[in-house]
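Peer 1: A single structure is presented below for examination.
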Amino acid sequence: MLQLPKVVGHRGAMAYAPENTLDSFREAHRRGATWVEIDVKLTSDGVPIVMHDDSLKRTTGVDRLAAETPAAELPASVPTFEQAIACFGELGLGCNIEIKPCPGREAETARVAVATLRRLWPSRLPAPLLSSFKDASLAAAREAAPEFARALLIDELKDDWRDRAKALEAVGINTSGKRLTAPRAVEIKKAGYLLSTYTINDPEVARVLVAMGTDCVISDAPDVILKALA
């Protein structure tokens with residue numbers, strides 16, 4: 001069974017360093033996080049990179065789509081997935097890898113991500129968790145590499161959550177901590193799923209969510225939430 005920590009650093013520790021960068025992963029580690037959450041998508045030439053948005057503009061200032069940019073032309077601040085994995089190996093960090101495909105590349109992104117994990121994930125690290133809002137990405141990941149645990153990302157839980165999770169053979173549900181209700185949390189836990197909530201930076205909210213059954217809180221400020229839950 002997958003073991004998740006109480007707190008995971010969101011895109012590293014984005015309260016303190018630019019999101020989804022090696023600096024952010026190092027900052028999360030420095031502040032006590034043992035796991036981070038990252039986003040993986042593909043460049044135009046099929047290289048997996050750590051980037052949340054479809055466009056590079058918000059995080060790098062470059063007004064260009066990731067899917068239309070070859071890896072060699074990426075800004076230096078954008079790490080490849082390979083570089084991120086090497087960093088996790090160096091720091092001893094576990095990882096929740098969100099498959100964040102550009103439109104139309106749901107299955108392809110998943111297949112490349114899991115192939116990279118199979119090739120490079122250090123055996124000394126805890127087994128990673130794959131998550132995605134895209135059922136097609138998780139289905140492709142399950143088909144290509146069933147050994148990697150999967151969590152379904154759902155911003156607002158509807159009554160079909162269980163059918164979707166079951167179809168994907170997911171072990172966890174990752175959902176918005178601001179929208180999660182206590183009855184739904186009980187339902188998820190009773191059904192045997194790991195429950196992670198994002199993006200929680202308020203210590204009191206984190207404590208309430210844990211009391212409701214949350215196993216793992218994903219936070220921009222992992223040190224603050226670690227202290228609150230200690």
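Convention: chains lettered A, B, ... in structure tokens order; per-chain residue numbering from 1; ligands numbered from 1 as shown.
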If we count only C-alpha atoms and set the cut-off at 8 Å, which residues sit around Asp39 (chain A), ignoring sequence neighbours fewer than 2 positions away in its own chain? Please answer as an MDAnalysis selection string.
Peer 2: chainID A and resid 11 20 37 41 50:52 97:100
Peer 1: Could you write out the selected residues, including N, CA and C atoms, as a PDB file, in the first residue's frame?
Peer 2:
ATOM      1  N   ARG A  11       4.017  22.012  -5.892  1.00  0.00           N
ATOM      2  CA  ARG A  11       4.940  22.482  -6.935  1.00  0.00           C
ATOM      3  C   ARG A  11       6.295  22.853  -6.317  1.00  0.00           C
ATOM      4  N   ASN A  20       7.543  24.720  -9.408  1.00  0.00           N
ATOM      5  CA  ASN A  20       7.992  23.681 -10.343  1.00  0.00           C
ATOM      6  C   ASN A  20       9.417  23.901 -10.849  1.00  0.00           C
ATOM      7  N   GLU A  37       4.781  17.829  -4.883  1.00  0.00           N
ATOM      8  CA  GLU A  37       3.847  17.587  -5.989  1.00  0.00           C
ATOM      9  C   GLU A  37       4.323  18.430  -7.161  1.00  0.00           C
ATOM     10  N   LYS A  41       4.283  17.843 -18.339  1.00  0.00           N
ATOM     11  CA  LYS A  41       3.703  17.903 -19.686  1.00  0.00           C
ATOM     12  C   LYS A  41       4.814  17.745 -20.703  1.00  0.00           C
ATOM     13  N   VAL A  50       8.665  19.874 -16.382  1.00  0.00           N
ATOM     14  CA  VAL A  50       7.891  20.197 -15.188  1.00  0.00           C
ATOM     15  C   VAL A  50       7.305  21.600 -15.376  1.00  0.00           C
ATOM     16  N   MET A  51       6.023  21.643 -15.674  1.00  0.00           N
ATOM     17  CA  MET A  51       5.343  22.896 -16.009  1.00  0.00           C
ATOM     18  C   MET A  51       3.850  22.709 -15.806  1.00  0.00           C
ATOM     19  N   HIS A  52       3.207  23.687 -15.177  1.00  0.00           N
ATOM     20  CA  HIS A  52       1.771  23.583 -14.908  1.00  0.00           C
ATOM     21  C   HIS A  52       0.924  24.075 -16.069  1.00  0.00           C
ATOM     22  N   ILE A  97       3.248  12.987  -8.882  1.00  0.00           N
ATOM     23  CA  ILE A  97       3.444  13.506 -10.234  1.00  0.00           C
ATOM     24  C   ILE A  97       2.084  13.691 -10.887  1.00  0.00           C
ATOM     25  N   GLU A  98       1.696  14.949 -11.069  1.00  0.00           N
ATOM     26  CA  GLU A  98       0.452  15.204 -11.782  1.00  0.00           C
ATOM     27  C   GLU A  98       0.729  15.191 -13.278  1.00  0.00           C
ATOM     28  N   ILE A  99       0.045  14.324 -13.993  1.00  0.00           N
ATOM     29  CA  ILE A  99       0.124  14.314 -15.450  1.00  0.00           C
ATOM     30  C   ILE A  99      -0.789  15.434 -15.938  1.00  0.00           C
ATOM     31  N   LYS A 100      -0.160  16.460 -16.520  1.00  0.00           N
ATOM     32  CA  LYS A 100      -0.864  17.699 -16.875  1.00  0.00           C
ATOM     33  C   LYS A 100      -0.762  17.910 -18.379  1.00  0.00           C
TER      34      LYS A 100
END
Peer 1: Find the residues near Ala145 (chain A): any atom within 12 Å, counting only C-alpha atoms, skip ones fewer than 6 places away on the same chain, and give them as an mmCIF file with N, CA and C atoms, in the first residue's frame.
Peer 2:
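Saved as around-v9.cif:
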data_model
loop_
_atom_site.group_PDB
_atom_site.id
_atom_site.type_symbol
_atom_site.label_atom_id
_atom_site.label_comp_id
_atom_site.auth_asym_id
_atom_site.auth_seq_id
_atom_site.Cartn_x
_atom_site.Cartn_y
_atom_site.Cartn_z
ATOM 1 N N ALA A 110 1.076 10.669 -20.533
ATOM 2 C CA ALA A 110 1.127 9.625 -19.502
ATOM 3 C C ALA A 110 2.147 8.555 -19.858
ATOM 4 N N ARG A 111 2.142 8.119 -21.096
ATOM 5 C CA ARG A 111 3.066 7.052 -21.511
ATOM 6 C C ARG A 111 4.519 7.489 -21.395
ATOM 7 N N VAL A 112 4.805 8.719 -21.786
ATOM 8 C CA VAL A 112 6.183 9.229 -21.689
ATOM 9 C C VAL A 112 6.586 9.382 -20.223
ATOM 10 N N ALA A 113 5.671 9.883 -19.404
ATOM 11 C CA ALA A 113 5.982 10.077 -17.977
ATOM 12 C C ALA A 113 6.313 8.751 -17.302
ATOM 13 N N VAL A 114 5.497 7.727 -17.544
ATOM 14 C CA VAL A 114 5.756 6.457 -16.848
ATOM 15 C C VAL A 114 6.982 5.745 -17.413
ATOM 16 N N ALA A 115 7.246 5.921 -18.693
ATOM 17 C CA ALA A 115 8.462 5.332 -19.264
ATOM 18 C C ALA A 115 9.700 5.975 -18.640
ATOM 19 N N THR A 116 9.615 7.286 -18.407
ATOM 20 C CA THR A 116 10.725 7.997 -17.759
ATOM 21 C C THR A 116 10.903 7.524 -16.320
ATOM 22 N N LEU A 117 9.794 7.345 -15.618
ATOM 23 C CA LEU A 117 9.863 6.837 -14.246
ATOM 24 C C LEU A 117 10.479 5.449 -14.189
ATOM 25 N N ARG A 118 10.049 4.586 -15.076
ATOM 26 C CA ARG A 118 10.589 3.224 -15.101
ATOM 27 C C ARG A 118 12.101 3.237 -15.306
ATOM 28 N N ARG A 119 12.544 4.162 -16.122
ATOM 29 C CA ARG A 119 13.963 4.207 -16.476
ATOM 30 C C ARG A 119 14.808 4.866 -15.390
ATOM 31 N N LEU A 130 1.051 8.817 -9.152
ATOM 32 C CA LEU A 130 0.615 9.533 -10.349
ATOM 33 C C LEU A 130 -0.787 10.063 -10.108
ATOM 34 N N SER A 137 -5.544 10.097 -19.199
ATOM 35 C CA SER A 137 -4.126 10.024 -18.824
ATOM 36 C C SER A 137 -3.888 8.900 -17.825
ATOM 37 N N LEU A 138 -4.755 8.799 -16.837
ATOM 38 C CA LEU A 138 -4.595 7.738 -15.834
ATOM 39 C C LEU A 138 -4.835 6.363 -16.437
ATOM 40 N N ALA A 139 -5.767 6.274 -17.375
ATOM 41 C CA ALA A 139 -6.021 4.997 -18.040
ATOM 42 C C ALA A 139 -4.798 4.568 -18.845
#
Peer 1: With only C-alpha atoms as the atoms that count, which of A:Gly192, A:Pro203, A:Pro126, A:Pro18 lies nearest to Phe88 (chain A)?
Peer 2: A:Pro126
Peer 1: Please provide as a PDB file with all heavy atoms, in the first residue's frame all residues within 9 Å of region 181-185 of chain A, with the sequence filter that same-chain residues fewer than 4 positions apart are discarded (counting only C-alpha atoms).
Peer 2:
ATOM      1  N   LEU A 157     -16.086  17.150  -6.051  1.00  0.00           N
ATOM      2  CA  LEU A 157     -16.527  15.756  -6.049  1.00  0.00           C
ATOM      3  C   LEU A 157     -18.021  15.641  -6.345  1.00  0.00           C
ATOM      4  O   LEU A 157     -18.842  16.248  -5.665  1.00  0.00           O
ATOM      5  CB  LEU A 157     -16.219  15.126  -4.692  1.00  0.00           C
ATOM      6  CG  LEU A 157     -14.735  14.857  -4.431  1.00  0.00           C
ATOM      7  CD1 LEU A 157     -14.450  14.845  -2.942  1.00  0.00           C
ATOM      8  CD2 LEU A 157     -14.301  13.556  -5.072  1.00  0.00           C
ATOM      9  N   GLY A 177      -9.414  21.087  -0.985  1.00  0.00           N
ATOM     10  CA  GLY A 177      -9.727  21.156   0.440  1.00  0.00           C
ATOM     11  C   GLY A 177     -10.753  22.218   0.758  1.00  0.00           C
ATOM     12  O   GLY A 177     -11.421  22.163   1.800  1.00  0.00           O
ATOM     13  N   LYS A 189     -13.083   7.697   2.565  1.00  0.00           N
ATOM     14  CA  LYS A 189     -12.281   6.866   3.480  1.00  0.00           C
ATOM     15  C   LYS A 189     -12.938   5.504   3.710  1.00  0.00           C
ATOM     16  O   LYS A 189     -12.244   4.480   3.760  1.00  0.00           O
ATOM     17  CB  LYS A 189     -12.068   7.603   4.802  1.00  0.00           C
ATOM     18  CG  LYS A 189     -11.178   8.846   4.712  1.00  0.00           C
ATOM     19  CD  LYS A 189      -9.847   8.559   4.017  1.00  0.00           C
ATOM     20  CE  LYS A 189      -9.024   7.538   4.779  1.00  0.00           C
ATOM     21  NZ  LYS A 189      -7.817   7.138   4.017  1.00  0.00           N
ATOM     22  N   LYS A 190     -14.261   5.481   3.845  1.00  0.00           N
ATOM     23  CA  LYS A 190     -14.963   4.206   4.038  1.00  0.00           C
ATOM     24  C   LYS A 190     -14.797   3.287   2.839  1.00  0.00           C
ATOM     25  O   LYS A 190     -14.805   2.064   2.970  1.00  0.00           O
ATOM     26  CB  LYS A 190     -16.455   4.457   4.297  1.00  0.00           C
ATOM     27  CG  LYS A 190     -16.779   4.752   5.753  1.00  0.00           C
ATOM     28  CD  LYS A 190     -18.278   4.718   5.981  1.00  0.00           C
ATOM     29  CE  LYS A 190     -18.606   4.854   7.458  1.00  0.00           C
ATOM     30  NZ  LYS A 190     -20.064   4.955   7.679  1.00  0.00           N
ATOM     31  N   LEU A 195      -6.888   9.886   0.816  1.00  0.00           N
ATOM     32  CA  LEU A 195      -7.494  11.190   0.547  1.00  0.00           C
ATOM     33  C   LEU A 195      -6.461  12.295   0.720  1.00  0.00           C
ATOM     34  O   LEU A 195      -5.896  12.461   1.802  1.00  0.00           O
ATOM     35  CB  LEU A 195      -8.677  11.411   1.501  1.00  0.00           C
ATOM     36  CG  LEU A 195      -9.368  12.774   1.446  1.00  0.00           C
ATOM     37  CD1 LEU A 195      -9.919  13.063   0.053  1.00  0.00           C
ATOM     38  CD2 LEU A 195     -10.485  12.835   2.498  1.00  0.00           C
ATOM     39  N   LEU A 209      -9.310  19.606   8.083  1.00  0.00           N
ATOM     40  CA  LEU A 209      -9.321  18.600   7.015  1.00  0.00           C
ATOM     41  C   LEU A 209      -8.775  17.260   7.493  1.00  0.00           C
ATOM     42  O   LEU A 209      -9.307  16.205   7.142  1.00  0.00           O
ATOM     43  CB  LEU A 209      -8.519  19.107   5.816  1.00  0.00           C
ATOM     44  CG  LEU A 209      -9.202  20.205   4.993  1.00  0.00           C
ATOM     45  CD1 LEU A 209      -8.215  20.862   4.062  1.00  0.00           C
ATOM     46  CD2 LEU A 209     -10.383  19.639   4.211  1.00  0.00           C
ATOM     47  N   MET A 212     -11.299  15.531   9.427  1.00  0.00           N
ATOM     48  CA  MET A 212     -12.343  14.981   8.552  1.00  0.00           C
ATOM     49  C   MET A 212     -11.904  13.690   7.877  1.00  0.00           C
ATOM     50  O   MET A 212     -12.735  13.005   7.266  1.00  0.00           O
ATOM     51  CB  MET A 212     -12.714  16.014   7.476  1.00  0.00           C
ATOM     52  CG  MET A 212     -13.648  17.099   7.977  1.00  0.00           C
ATOM     53  SD  MET A 212     -13.756  18.557   6.859  1.00  0.00           S
ATOM     54  CE  MET A 212     -14.058  17.816   5.268  1.00  0.00           C
ATOM     55  N   GLY A 213     -10.599  13.387   7.943  1.00  0.00           N
ATOM     56  CA  GLY A 213     -10.129  12.146   7.336  1.00  0.00           C
ATOM     57  C   GLY A 213      -9.044  12.299   6.288  1.00  0.00           C
ATOM     58  O   GLY A 213      -8.587  11.302   5.723  1.00  0.00           O
ATOM     59  N   THR A 214      -8.640  13.544   6.003  1.00  0.00           N
ATOM     60  CA  THR A 214      -7.583  13.767   5.022  1.00  0.00           C
ATOM     61  C   THR A 214      -6.286  13.094   5.468  1.00  0.00           C
ATOM     62  O   THR A 214      -5.841  13.273   6.596  1.00  0.00           O
ATOM     63  CB  THR A 214      -7.346  15.277   4.828  1.00  0.00           C
ATOM     64  OG1 THR A 214      -8.484  15.847   4.178  1.00  0.00           O
ATOM     65  CG2 THR A 214      -6.116  15.553   3.991  1.00  0.00           C
TER      66      THR A 214
END
Peer 1: Please, what distance in Å, to one decimal, runs between CA of Ala206 (chain A) and CA of Val8 (chain A)?
Peer 2: 12.1 Å
